[in-house]
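Data block below; observations after.
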Amino acid sequence: MRKKLVMTLAFVMLFQLFAIDKTMKTEIKQGPKKFDLATPDAKLPYLSADGGVFDKSGNGAGWYQGYNRKVQFNLDPVTGSMIGSVYRRLSTATGAGTIGGLTGTWGASLSTYLETIYDYSTYWGELPGGRYPHTAEFINGYLFGQWTDMDSYGSGVPSDAHPICAVGDVTWGYDWVSWSDGVKVSATEGGATIPGAWNAMGDVVYDAATGYYYWTQSWTTATGADIPFSTDAIESAVVGRSLTPGDINSWEWTDYNLLSFDATDDAVGVTDIAEIHIAYCKDKYGNGTGYGIAVAMTNDSDDIVDYDSTAVQQNSKISYLYTTNWGADDSSGDWSPNWVHDGPDKLFQIEMKDLFDWYGEALTTYDSIGVDSLGNTIWEPTEVIIMNDPFITSNISAVATENNIVHLLIKAFPASMDTPGYFYYSTDHGFRPGWYHVRGEITPAGVNWSKADYVASTVDNDTGDIEFKYSNYNDLAIGYAGNGQIYATWLDKPTSRPIANPFAEGDGDTMFLDDGFLSFSGDEGKTWEIATVKEVESGDPVYPIWYLYYATNVTKTGSLHEEGWTVSNHGNIVDRDIEVYAAHQYYDPANPITDPPASFTDYQQFLHVWKITGTITGIETEQVSMVKDFALEQNYPNPFNPSTEIRFALQNDSKVKLSVYNTKGELVANLKNEKMAKGAHAVNFDASALNSGVYFYKIDVNGMAETRKMVLTK
């Protein structure tokens, strides 16, 4: 197995780096339950990664979609708190997509390494067309990543897209990370590989009793000319296990043919299926129970008869499968999946109307849309619509806990089987569109689902400004921080700040979302914290005031086109403060791709990383810096005997610690531990008393660190 020691990015040149401005650390505190919506929100300055690290293209292959672009949080008590992700970057020579790995730790800032981990396909001998990466999980110092590798890059239409995965070993600390090769996921028995693998998703869990890691991956599949555009036809999944996860060749995988769901055949009712989201039941450290859920948004055709006995297509619904034994086993003699589903090619389904009790259904069979309590039409539908089929968007997110409880986050609207595919912004009792939490308990007999819990409203619901352009983004996530603490987050427009669209795309107004919102629940999702309550006069004498309930805006970044909002699956609790990390893509108006730009995609795309903490009394966010103010060079000579010179440069006067370690991580020499002047420095290291072998020298400057390898030969 080829291992690579992470090194400083080649483009980081001496004195091109700048110091971290302490004034950039900005706090946003949640105020009382109500505040003046007319008060302008403060805009935070940007402080983010050097854009050369990430895909700067204007298309959707970078950090575009939050549901599979993930920053994950490691909470191993030995290695400590670390964050990590896999991401797409561009080859400067060909423009092909390559895959990088990010690992780091939070101190005064984010100390991090970013490395290219997949830049050459071993399967078809060219640069890979790496796209749609997904960071499945970060457990015990192992970071698990997936992505697509298209073959025949540059030939117009690829003939296939391959499922690739890799594992980063960070068990010695983020600055000594090593990555496995990226390998194609194929069945251990028979070698079957998912064809046209696209949109990587997955989750990993650790079985402390046996030492096994289990990894269930799901892939949207397409073939031939459909690649990469046919993304709603077939979903397939494989399950792997390993005792030594860092050895990528030690994983054994099931055959995807045993767990594949084909939405091109409506004989079983499903005519559309989105990505399958997998969530193993586990604590915040990644230790699992063996139970798990896999959920997807689906559509049905002609399988429901509505209240007037007419067969109609239903609005989107949630479908799922579950496991009580890690997702696979070899009890049959073969390594096979044991995910339970509703017969061949079929998923279990949740009827959305069974989850919602918004309008007093105990009193009436159905409730009307756009009618007040006296039967008067107060909104503009041409006729009274019966609300009997809630509409959910393609947005969905899932997490599961060590008590085998599943938590789903969805975005839902009042809707009707009279007009499938349409939704409404009010009912006879108030505003109902928004984000909802769905709770389920996995048992050996199946999953028991509870009614949906309200989380927060959509912004500006009272103005009717919830058109589909604001509803179809995949930028939402739900996570778990232990002890019943659940957090939910999404993108929405600001509550008090208009978003101008300078390019007049679509209808030419406020088309693009730009802020991340977040809410906490301390009781496993039954109730959620609300930052702001907005009162709206309804004109209904029985219910004269309708209410909008807004979550906390955690980014407050101003009128910028932001996408790919994502939050780690797991967070931490420290002194009742919840700690979680988030990231998103944004465009940089100073770096256009085309001039003059005609849309937001004509700008280079960059990345923000955020640290979010919160309690019941307030939420704080900090933008994370990933920029170092020093440069460390390779020692010379290397290999050496018995001495070598270590050179580094400082952008500012700084506290410097320079140390040497052996391969066991033991300290063998302290070379510097003092404040040093800005500029270039050289330190001699004499290893006369040491044995031949590999050693590491590590520099720590103002809380940010970097490590390089050197070889002593005698």
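Residues in the structure tokens are named by chain (A, B, ... in the order shown) and by number from 1 within that chain; ligands are numbered from 1 in the order shown.
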message: List as a PyMOL selection string the protein and nucleic acid residues near A:Ala400, meaning an atom at most 8 Å away when only C-alpha atoms are counted, but skip any in the same chain fewer than 4 places from it.
response: chain A and resi 279-282+292-293+404-407+480
Store the residues picked out above, limited to C-alpha atoms, as a compact mmCIF listing (two decimals), in the first residue's frame.
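Below is the file that was written, part_4.txt:
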# COMPACT_ATOMS: atom_id res chain seq x y z
CA ALA A 279 -26.91 7.03 9.07
CA TYR A 280 -25.54 4.39 11.43
CA CYS A 281 -26.71 4.54 15.04
CA LYS A 282 -23.68 5.67 17.07
CA GLY A 292 -28.79 2.01 11.02
CA ILE A 293 -31.12 3.75 8.57
CA ASN A 404 -31.22 3.68 18.00
CA ILE A 405 -33.16 6.87 17.38
CA VAL A 406 -33.21 8.32 13.86
CA HIS A 407 -33.45 12.06 13.27
CA TYR A 480 -25.81 15.04 16.98
Residue contacts of stretch 82-88 of chain A (6 Å, only C-alpha atoms) excluding same-chain residues fewer than 3 positions away, as a PyMOL selection string: chain A and resi 55+62+71-74+98-105+133+135
For the residues selected in the previous step, produce a file with all heavy atoms as a compact mmCIF listing (two decimals), in the first residue's frame.
# COMPACT_ATOMS: atom_id res chain seq x y z
N ASP A 55 -11.26 23.83 -5.85
CA ASP A 55 -11.71 23.97 -7.23
C ASP A 55 -12.24 25.39 -7.43
O ASP A 55 -13.23 25.78 -6.83
CB ASP A 55 -12.81 22.95 -7.49
CG ASP A 55 -13.27 22.94 -8.93
OD1 ASP A 55 -12.89 23.87 -9.67
OD2 ASP A 55 -13.99 22.01 -9.30
N GLY A 62 -17.26 21.62 -7.54
CA GLY A 62 -16.39 21.95 -6.42
C GLY A 62 -17.01 21.60 -5.09
O GLY A 62 -17.11 20.46 -4.69
N VAL A 71 -17.70 18.61 5.75
CA VAL A 71 -16.62 18.73 6.72
C VAL A 71 -17.03 17.89 7.91
O VAL A 71 -18.14 18.05 8.43
CB VAL A 71 -16.40 20.20 7.15
CG1 VAL A 71 -15.52 20.27 8.38
CG2 VAL A 71 -15.77 20.99 6.01
N GLN A 72 -16.16 16.97 8.34
CA GLN A 72 -16.51 16.09 9.45
C GLN A 72 -15.61 16.35 10.65
O GLN A 72 -14.48 16.83 10.52
CB GLN A 72 -16.41 14.62 9.02
CG GLN A 72 -17.40 14.22 7.94
CD GLN A 72 -18.83 14.14 8.43
OE1 GLN A 72 -19.18 14.68 9.48
NE2 GLN A 72 -19.69 13.48 7.67
N PHE A 73 -16.12 16.01 11.83
CA PHE A 73 -15.50 16.35 13.11
C PHE A 73 -15.10 15.05 13.81
O PHE A 73 -15.93 14.17 14.02
CB PHE A 73 -16.51 17.12 13.93
CG PHE A 73 -15.95 17.81 15.15
CD1 PHE A 73 -14.59 18.02 15.31
CD2 PHE A 73 -16.80 18.28 16.13
CE1 PHE A 73 -14.10 18.66 16.43
CE2 PHE A 73 -16.33 18.94 17.25
CZ PHE A 73 -14.97 19.13 17.40
N ASN A 74 -13.82 14.91 14.14
CA ASN A 74 -13.30 13.76 14.88
C ASN A 74 -13.26 14.09 16.36
O ASN A 74 -12.74 15.14 16.76
CB ASN A 74 -11.90 13.40 14.39
CG ASN A 74 -11.26 12.31 15.24
OD1 ASN A 74 -11.61 11.16 15.11
ND2 ASN A 74 -10.33 12.69 16.10
N THR A 98 -9.02 16.70 -9.79
CA THR A 98 -8.31 15.80 -8.89
C THR A 98 -8.91 15.95 -7.50
O THR A 98 -9.73 16.83 -7.26
CB THR A 98 -6.80 16.13 -8.87
OG1 THR A 98 -6.62 17.46 -8.35
CG2 THR A 98 -6.21 16.05 -10.26
N ILE A 99 -8.54 15.07 -6.59
CA ILE A 99 -9.14 15.04 -5.26
C ILE A 99 -8.09 15.37 -4.21
O ILE A 99 -6.98 14.85 -4.24
CB ILE A 99 -9.76 13.66 -4.98
CG1 ILE A 99 -10.84 13.34 -6.03
CG2 ILE A 99 -10.37 13.63 -3.57
CD1 ILE A 99 -12.02 14.29 -6.03
N GLY A 100 -8.46 16.24 -3.29
CA GLY A 100 -7.57 16.62 -2.20
C GLY A 100 -8.14 16.21 -0.86
O GLY A 100 -9.31 15.86 -0.73
N GLY A 101 -7.29 16.25 0.17
CA GLY A 101 -7.71 15.94 1.53
C GLY A 101 -7.36 17.07 2.46
O GLY A 101 -6.26 17.62 2.41
N LEU A 102 -8.29 17.43 3.32
CA LEU A 102 -8.10 18.48 4.32
C LEU A 102 -8.17 17.84 5.70
O LEU A 102 -9.10 17.11 5.99
CB LEU A 102 -9.18 19.54 4.17
CG LEU A 102 -9.28 20.69 5.17
CD1 LEU A 102 -9.98 21.88 4.50
CD2 LEU A 102 -10.06 20.32 6.43
N THR A 103 -7.18 18.09 6.53
CA THR A 103 -7.25 17.69 7.93
C THR A 103 -6.69 18.82 8.78
O THR A 103 -5.78 19.53 8.36
CB THR A 103 -6.44 16.41 8.22
OG1 THR A 103 -5.10 16.58 7.75
CG2 THR A 103 -7.07 15.21 7.56
N GLY A 104 -7.23 19.01 9.97
CA GLY A 104 -6.75 20.10 10.80
C GLY A 104 -7.31 20.03 12.20
O GLY A 104 -8.11 19.16 12.53
N THR A 105 -6.88 20.98 13.01
CA THR A 105 -7.34 21.07 14.38
C THR A 105 -7.57 22.53 14.73
O THR A 105 -6.94 23.42 14.15
CB THR A 105 -6.34 20.44 15.37
OG1 THR A 105 -6.90 20.39 16.67
CG2 THR A 105 -5.04 21.22 15.40
N PRO A 133 -17.13 14.60 -4.49
CA PRO A 133 -16.56 13.91 -3.32
C PRO A 133 -17.49 13.97 -2.12
O PRO A 133 -18.32 14.88 -2.00
CB PRO A 133 -15.27 14.70 -3.06
CG PRO A 133 -15.59 16.08 -3.55
CD PRO A 133 -16.48 15.89 -4.74
N THR A 135 -17.29 13.18 2.22
CA THR A 135 -16.58 12.75 3.42
C THR A 135 -17.56 12.00 4.30
O THR A 135 -18.46 12.59 4.90
CB THR A 135 -16.00 13.94 4.19
OG1 THR A 135 -15.27 14.77 3.28
CG2 THR A 135 -15.06 13.46 5.28
task: Go through A:Ala197, A:Ile276, A:Val238, A:Val78 one by one, measure the shortest atom-to-atom distance of each to A:Trp172 using only C-alpha atoms, and give the residue with the smallest value.
output: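 Of all the options, A:Val78 lies closest to A:Trp172.
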- prompt: atom CA of A:Ala136 and atom CA of A:Gly173, how far apart in Å?
  reply: 19.3 Å
Got a sec: who's within 10 Å of A:Glu535, counting only C-alpha atoms, leaving out chain neighbours fewer than 4 positions off, as a PDB file with C-alpha atoms, in the first residue's frame?
ATOM      1  CA  ASP A 462     -45.651  36.440   4.809  1.00  0.00           C
ATOM      2  CA  PRO A 544     -55.748  37.816  13.964  1.00  0.00           C
ATOM      3  CA  ILE A 545     -52.002  37.295  14.308  1.00  0.00           C
ATOM      4  CA  TRP A 546     -50.004  34.660  12.477  1.00  0.00           C
ATOM      5  CA  TYR A 547     -46.427  33.956  13.453  1.00  0.00           C
ATOM      6  CA  LEU A 548     -43.131  33.260  11.742  1.00  0.00           C
ATOM      7  CA  TYR A 549     -40.407  31.615  13.824  1.00  0.00           C
TER       8      TYR A 549
END
